[in-house]
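Q: Pasting a structure here, questions to come.
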Amino acid sequence: MFSSLLRRSFVSAFTQRVVPRNLLSTSSVAHVKLERSQPAKTQTTYKKPFTQRKQYLFSTYDEQFAASKTVLIVQHHNLSGSELTEQRRELKMAASGARLMVVRPKMVRAVLRDTRYGNLGEAFVGPTAIVCWDQDVELEAVKKAMEVVKRQKKMVLVGAKHEDMILNAQMLAGLVNLPSMETLRAQVVGVVQAPAQQLAGVLKRIPQRLVGVLKQKAEAGSD
């Protein structure tokens with residue numbers, strides 16, 4: 001009885017003090033992991049197992065990068081608690097439920113090591129956060145998130161991952177400003193239809209020219 005109470009007390013204390021509150025919110029992120037060329041480390045350099053806190057953070061970041069189609073990386077400088085809360089609210093409202101998660105750079109670099117996104121770890125230096133989604137969203141939502149980040153002078157977009165691509169801020173801006181699929185389809189249809197319309201115009205003019213030629217010949221014969 002006593003041991004059971006002690007165990008529940010420990011779990012409650014761990015949840016309240018060890019696991020960050022912003023990671024305790026319910027999320028629909030699937031429990032998937034990044035593909036690795038080598039197994040992730042489970043022990044420190046001194047052969048000691050990682051703490052429960054580190055294991056939890058590693059697993060959370062791993063699942064977020066694996067499940068999210070797009071992840072934006074932003075550096076923040078001296079953001080107050082109220083400013084951080086406001087940024088989270090704006091991103092959620094303006095960018096299709098985007099989430100702002102403050103991360104531990106060293107832990108994220110460990111998560112990305114030996115994966116296809118390994119080079120992205122270089123962007124995680126100093127105070128860093130990620131903007132991510134719990135579901136696939138259109139590039140328009142990513143563009144809206146970028147606009148929200150840009151309005152906050154204490155935040156700077158430094159890079160992103162989109163599907164299997166690693167992008168810097170300039171490349172990401174080019175990607176989100178591409179025409180939509182509907183616009184591209186309309187442009188393709190226009191290109192395909194243009195020669196056909198020109199041909200129809202030529203064929204339409206042929207009878208008129210033929211009548212003119214025949215009329216000229218008839219008039220010449222009568223002379």
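Residue numbering restarts at 1 in every chain; chains get A, B, ... in the order shown in the structure tokens, and ligands count up from 1 in that same order.
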Would you pick out the contacts of region 91-96 of chain A at 10 Å or less, using only C-alpha atoms, so that residues sharing its chain but fewer than 6 positions from it are not included, and give the list as JSON, numbers by chain?
A: {"A": [131, 132, 133, 134, 135, 136, 137, 138, 139, 140, 141, 142, 143, 144, 145, 146, 147, 148, 149]}
Q: Write the residues of the preceding selection, restricted to N, CA and C atoms, as a CSV table (one decimal), in the first residue's frame.
A:
chain,number,residue,atom,x,y,z
A,131,VAL,N,8.4,25.9,-35.2
A,131,VAL,CA,7.0,26.0,-35.5
A,131,VAL,C,6.6,24.8,-36.3
A,132,CYS,N,5.6,24.1,-35.9
A,132,CYS,CA,5.2,22.8,-36.5
A,132,CYS,C,3.7,22.6,-36.5
A,133,TRP,N,3.2,21.6,-37.2
A,133,TRP,CA,1.8,21.3,-37.3
A,133,TRP,C,1.6,19.8,-36.9
A,134,ASP,N,0.4,19.6,-36.4
A,134,ASP,CA,0.0,18.2,-36.0
A,134,ASP,C,-0.7,17.5,-37.2
A,135,GLN,N,-0.8,18.2,-38.3
A,135,GLN,CA,-1.4,17.6,-39.5
A,135,GLN,C,-0.8,18.2,-40.7
A,136,ASP,N,-0.9,17.6,-41.9
A,136,ASP,CA,-0.4,18.2,-43.1
A,136,ASP,C,-1.2,19.5,-43.5
A,137,VAL,N,-0.5,20.5,-43.9
A,137,VAL,CA,-1.1,21.8,-44.2
A,137,VAL,C,-0.6,22.2,-45.6
A,138,GLU,N,-1.3,23.1,-46.2
A,138,GLU,CA,-0.9,23.7,-47.5
A,138,GLU,C,0.2,24.7,-47.2
A,139,LEU,N,0.9,25.0,-48.3
A,139,LEU,CA,2.0,26.0,-48.2
A,139,LEU,C,1.5,27.4,-47.8
A,140,GLU,N,0.2,27.7,-48.0
A,140,GLU,CA,-0.3,28.9,-47.6
A,140,GLU,C,-0.3,29.1,-46.1
A,141,ALA,N,-0.5,28.0,-45.4
A,141,ALA,CA,-0.4,28.0,-43.9
A,141,ALA,C,1.0,28.3,-43.5
A,142,VAL,N,2.0,27.7,-44.2
A,142,VAL,CA,3.4,27.9,-43.8
A,142,VAL,C,3.7,29.4,-44.1
A,143,LYS,N,3.2,29.9,-45.2
A,143,LYS,CA,3.5,31.4,-45.5
A,143,LYS,C,2.9,32.3,-44.4
A,144,LYS,N,1.7,31.9,-43.9
A,144,LYS,CA,1.1,32.7,-42.9
A,144,LYS,C,1.9,32.7,-41.6
A,145,ALA,N,2.5,31.5,-41.3
A,145,ALA,CA,3.3,31.3,-40.1
A,145,ALA,C,4.6,32.2,-40.2
A,146,MET,N,5.2,32.2,-41.4
A,146,MET,CA,6.4,33.0,-41.7
A,146,MET,C,6.1,34.5,-41.5
A,147,GLU,N,4.9,34.9,-41.9
A,147,GLU,CA,4.5,36.3,-41.7
A,147,GLU,C,4.3,36.7,-40.2
A,148,VAL,N,3.8,35.8,-39.4
A,148,VAL,CA,3.6,36.0,-38.0
A,148,VAL,C,5.0,36.1,-37.3
A,149,VAL,N,5.9,35.2,-37.7
A,149,VAL,CA,7.3,35.3,-37.1
A,149,VAL,C,8.0,36.6,-37.5
Q: By how many Å are CA of Gln152 (chain A) and CA of Glu86 (chain A) apart?
A: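 Between these atoms lies a distance of 10.1 Å.
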Q: Could you pull out the strand (DSSP E or B) residues of region 3-186 of chain A, going by DSSP on the backbone, and write them as a PyMOL selection string?
A: chain A and resi 43+49+70-76+99-103+128-132+155-162+165-168
Q: Determine the nearest neighbour of His76 (chain A) from the options A:Pro49, A:Gly159, A:Gly126, A:Gly121, counting only C-alpha atoms.
A: A:Gly126
Q: Out of A:Thr128, A:Gln52, A:Thr70, A:Gln64, which residue has the shortest atom-to-atom distance to Leu34 (chain A) when counting only C-alpha atoms?
A: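 Looking only at the distances to Leu34 (chain A), the closest residue turns out to be A:Gln64.
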Q: Can you pull out the residues contacting region 37-43 of chain A? Cut-off 10 Å, using only C-alpha atoms, and skip same-chain residues under 6 positions away; I want them as a PDB file with N, CA, C and O atoms, in the first residue's frame.
A:
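Generated file (result36.pdb):
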ATOM      1  N   PRO A  49      22.646   5.400 -18.186  1.00  0.00           N
ATOM      2  CA  PRO A  49      21.433   5.630 -18.979  1.00  0.00           C
ATOM      3  C   PRO A  49      20.974   7.079 -18.870  1.00  0.00           C
ATOM      4  O   PRO A  49      21.155   7.726 -17.836  1.00  0.00           O
ATOM      5  N   PHE A  50      20.401   7.593 -19.944  1.00  0.00           N
ATOM      6  CA  PHE A  50      19.891   8.956 -19.933  1.00  0.00           C
ATOM      7  C   PHE A  50      18.740   9.081 -18.930  1.00  0.00           C
ATOM      8  O   PHE A  50      18.000   8.128 -18.680  1.00  0.00           O
ATOM      9  N   THR A  51      18.610  10.267 -18.363  1.00  0.00           N
ATOM     10  CA  THR A  51      17.536  10.513 -17.409  1.00  0.00           C
ATOM     11  C   THR A  51      16.178  10.423 -18.108  1.00  0.00           C
ATOM     12  O   THR A  51      16.083  10.506 -19.334  1.00  0.00           O
ATOM     13  N   LYS A  54      15.471  13.485 -20.289  1.00  0.00           N
ATOM     14  CA  LYS A  54      16.137  13.486 -21.590  1.00  0.00           C
ATOM     15  C   LYS A  54      15.496  12.485 -22.541  1.00  0.00           C
ATOM     16  O   LYS A  54      15.349  12.746 -23.735  1.00  0.00           O
ATOM     17  N   GLN A  55      15.131  11.335 -22.024  1.00  0.00           N
ATOM     18  CA  GLN A  55      14.470  10.333 -22.861  1.00  0.00           C
ATOM     19  C   GLN A  55      13.141  10.873 -23.388  1.00  0.00           C
ATOM     20  O   GLN A  55      12.794  10.666 -24.553  1.00  0.00           O
ATOM     21  N   PHE A  58      13.853  13.646 -26.036  1.00  0.00           N
ATOM     22  CA  PHE A  58      14.366  13.022 -27.258  1.00  0.00           C
ATOM     23  C   PHE A  58      13.212  12.397 -28.049  1.00  0.00           C
ATOM     24  O   PHE A  58      13.085  12.596 -29.263  1.00  0.00           O
ATOM     25  N   ALA A 110      21.072  16.099 -31.268  1.00  0.00           N
ATOM     26  CA  ALA A 110      21.219  14.660 -31.019  1.00  0.00           C
ATOM     27  C   ALA A 110      20.129  13.875 -31.739  1.00  0.00           C
ATOM     28  O   ALA A 110      20.376  12.786 -32.269  1.00  0.00           O
ATOM     29  N   VAL A 111      18.917  14.422 -31.773  1.00  0.00           N
ATOM     30  CA  VAL A 111      17.803  13.757 -32.455  1.00  0.00           C
ATOM     31  C   VAL A 111      18.057  13.673 -33.957  1.00  0.00           C
ATOM     32  O   VAL A 111      17.785  12.641 -34.598  1.00  0.00           O
ATOM     33  N   LEU A 112      18.579  14.742 -34.549  1.00  0.00           N
ATOM     34  CA  LEU A 112      18.765  14.801 -35.996  1.00  0.00           C
ATOM     35  C   LEU A 112      20.026  14.074 -36.462  1.00  0.00           C
ATOM     36  O   LEU A 112      20.151  13.770 -37.652  1.00  0.00           O
ATOM     37  N   ARG A 113      20.925  13.793 -35.548  1.00  0.00           N
ATOM     38  CA  ARG A 113      22.171  13.123 -35.912  1.00  0.00           C
ATOM     39  C   ARG A 113      21.878  11.747 -36.523  1.00  0.00           C
ATOM     40  O   ARG A 113      21.006  11.027 -36.082  1.00  0.00           O
ATOM     41  N   ASP A 114      22.624  11.413 -37.585  1.00  0.00           N
ATOM     42  CA  ASP A 114      22.490  10.119 -38.279  1.00  0.00           C
ATOM     43  C   ASP A 114      21.135   9.953 -38.978  1.00  0.00           C
ATOM     44  O   ASP A 114      20.682   8.838 -39.230  1.00  0.00           O
ATOM     45  N   THR A 115      20.464  11.093 -39.282  1.00  0.00           N
ATOM     46  CA  THR A 115      19.241  11.053 -40.073  1.00  0.00           C
ATOM     47  C   THR A 115      19.458  11.884 -41.335  1.00  0.00           C
ATOM     48  O   THR A 115      20.488  12.547 -41.496  1.00  0.00           O
ATOM     49  N   ARG A 116      18.487  11.865 -42.227  1.00  0.00           N
ATOM     50  CA  ARG A 116      18.599  12.644 -43.462  1.00  0.00           C
ATOM     51  C   ARG A 116      18.611  14.150 -43.198  1.00  0.00           C
ATOM     52  O   ARG A 116      18.954  14.942 -44.066  1.00  0.00           O
TER      53      ARG A 116
END
Q: How far is it from CA of His77 (chain A) to CA of Arg109 (chain A), in Å with one decimal?
A: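 These atoms are spaced 19.9 Å apart.
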Q: Let me make sure I understand: among A:Leu120, A:Val74, A:Val32, A:Val108, which one has the smallest atom-to-atom distance to Met165 (chain A) if we use only C-alpha atoms?
A: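 Under the stated criterion, the closest residue is A:Leu120.
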Q: CA of Gly97 (chain A) and CA of Glu83 (chain A), how far apart in Å?
A: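 CA of Glu83 (chain A) sits 17.9 Å away from CA of Gly97 (chain A).
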Q: Mind checking DSSP for region 34-153 of chain A and telling me the helix (DSSP H, G or I) residues as an MDAnalysis selection string?
A: chainID A and resid 52:67 81:94 105:112 118:123 139:151
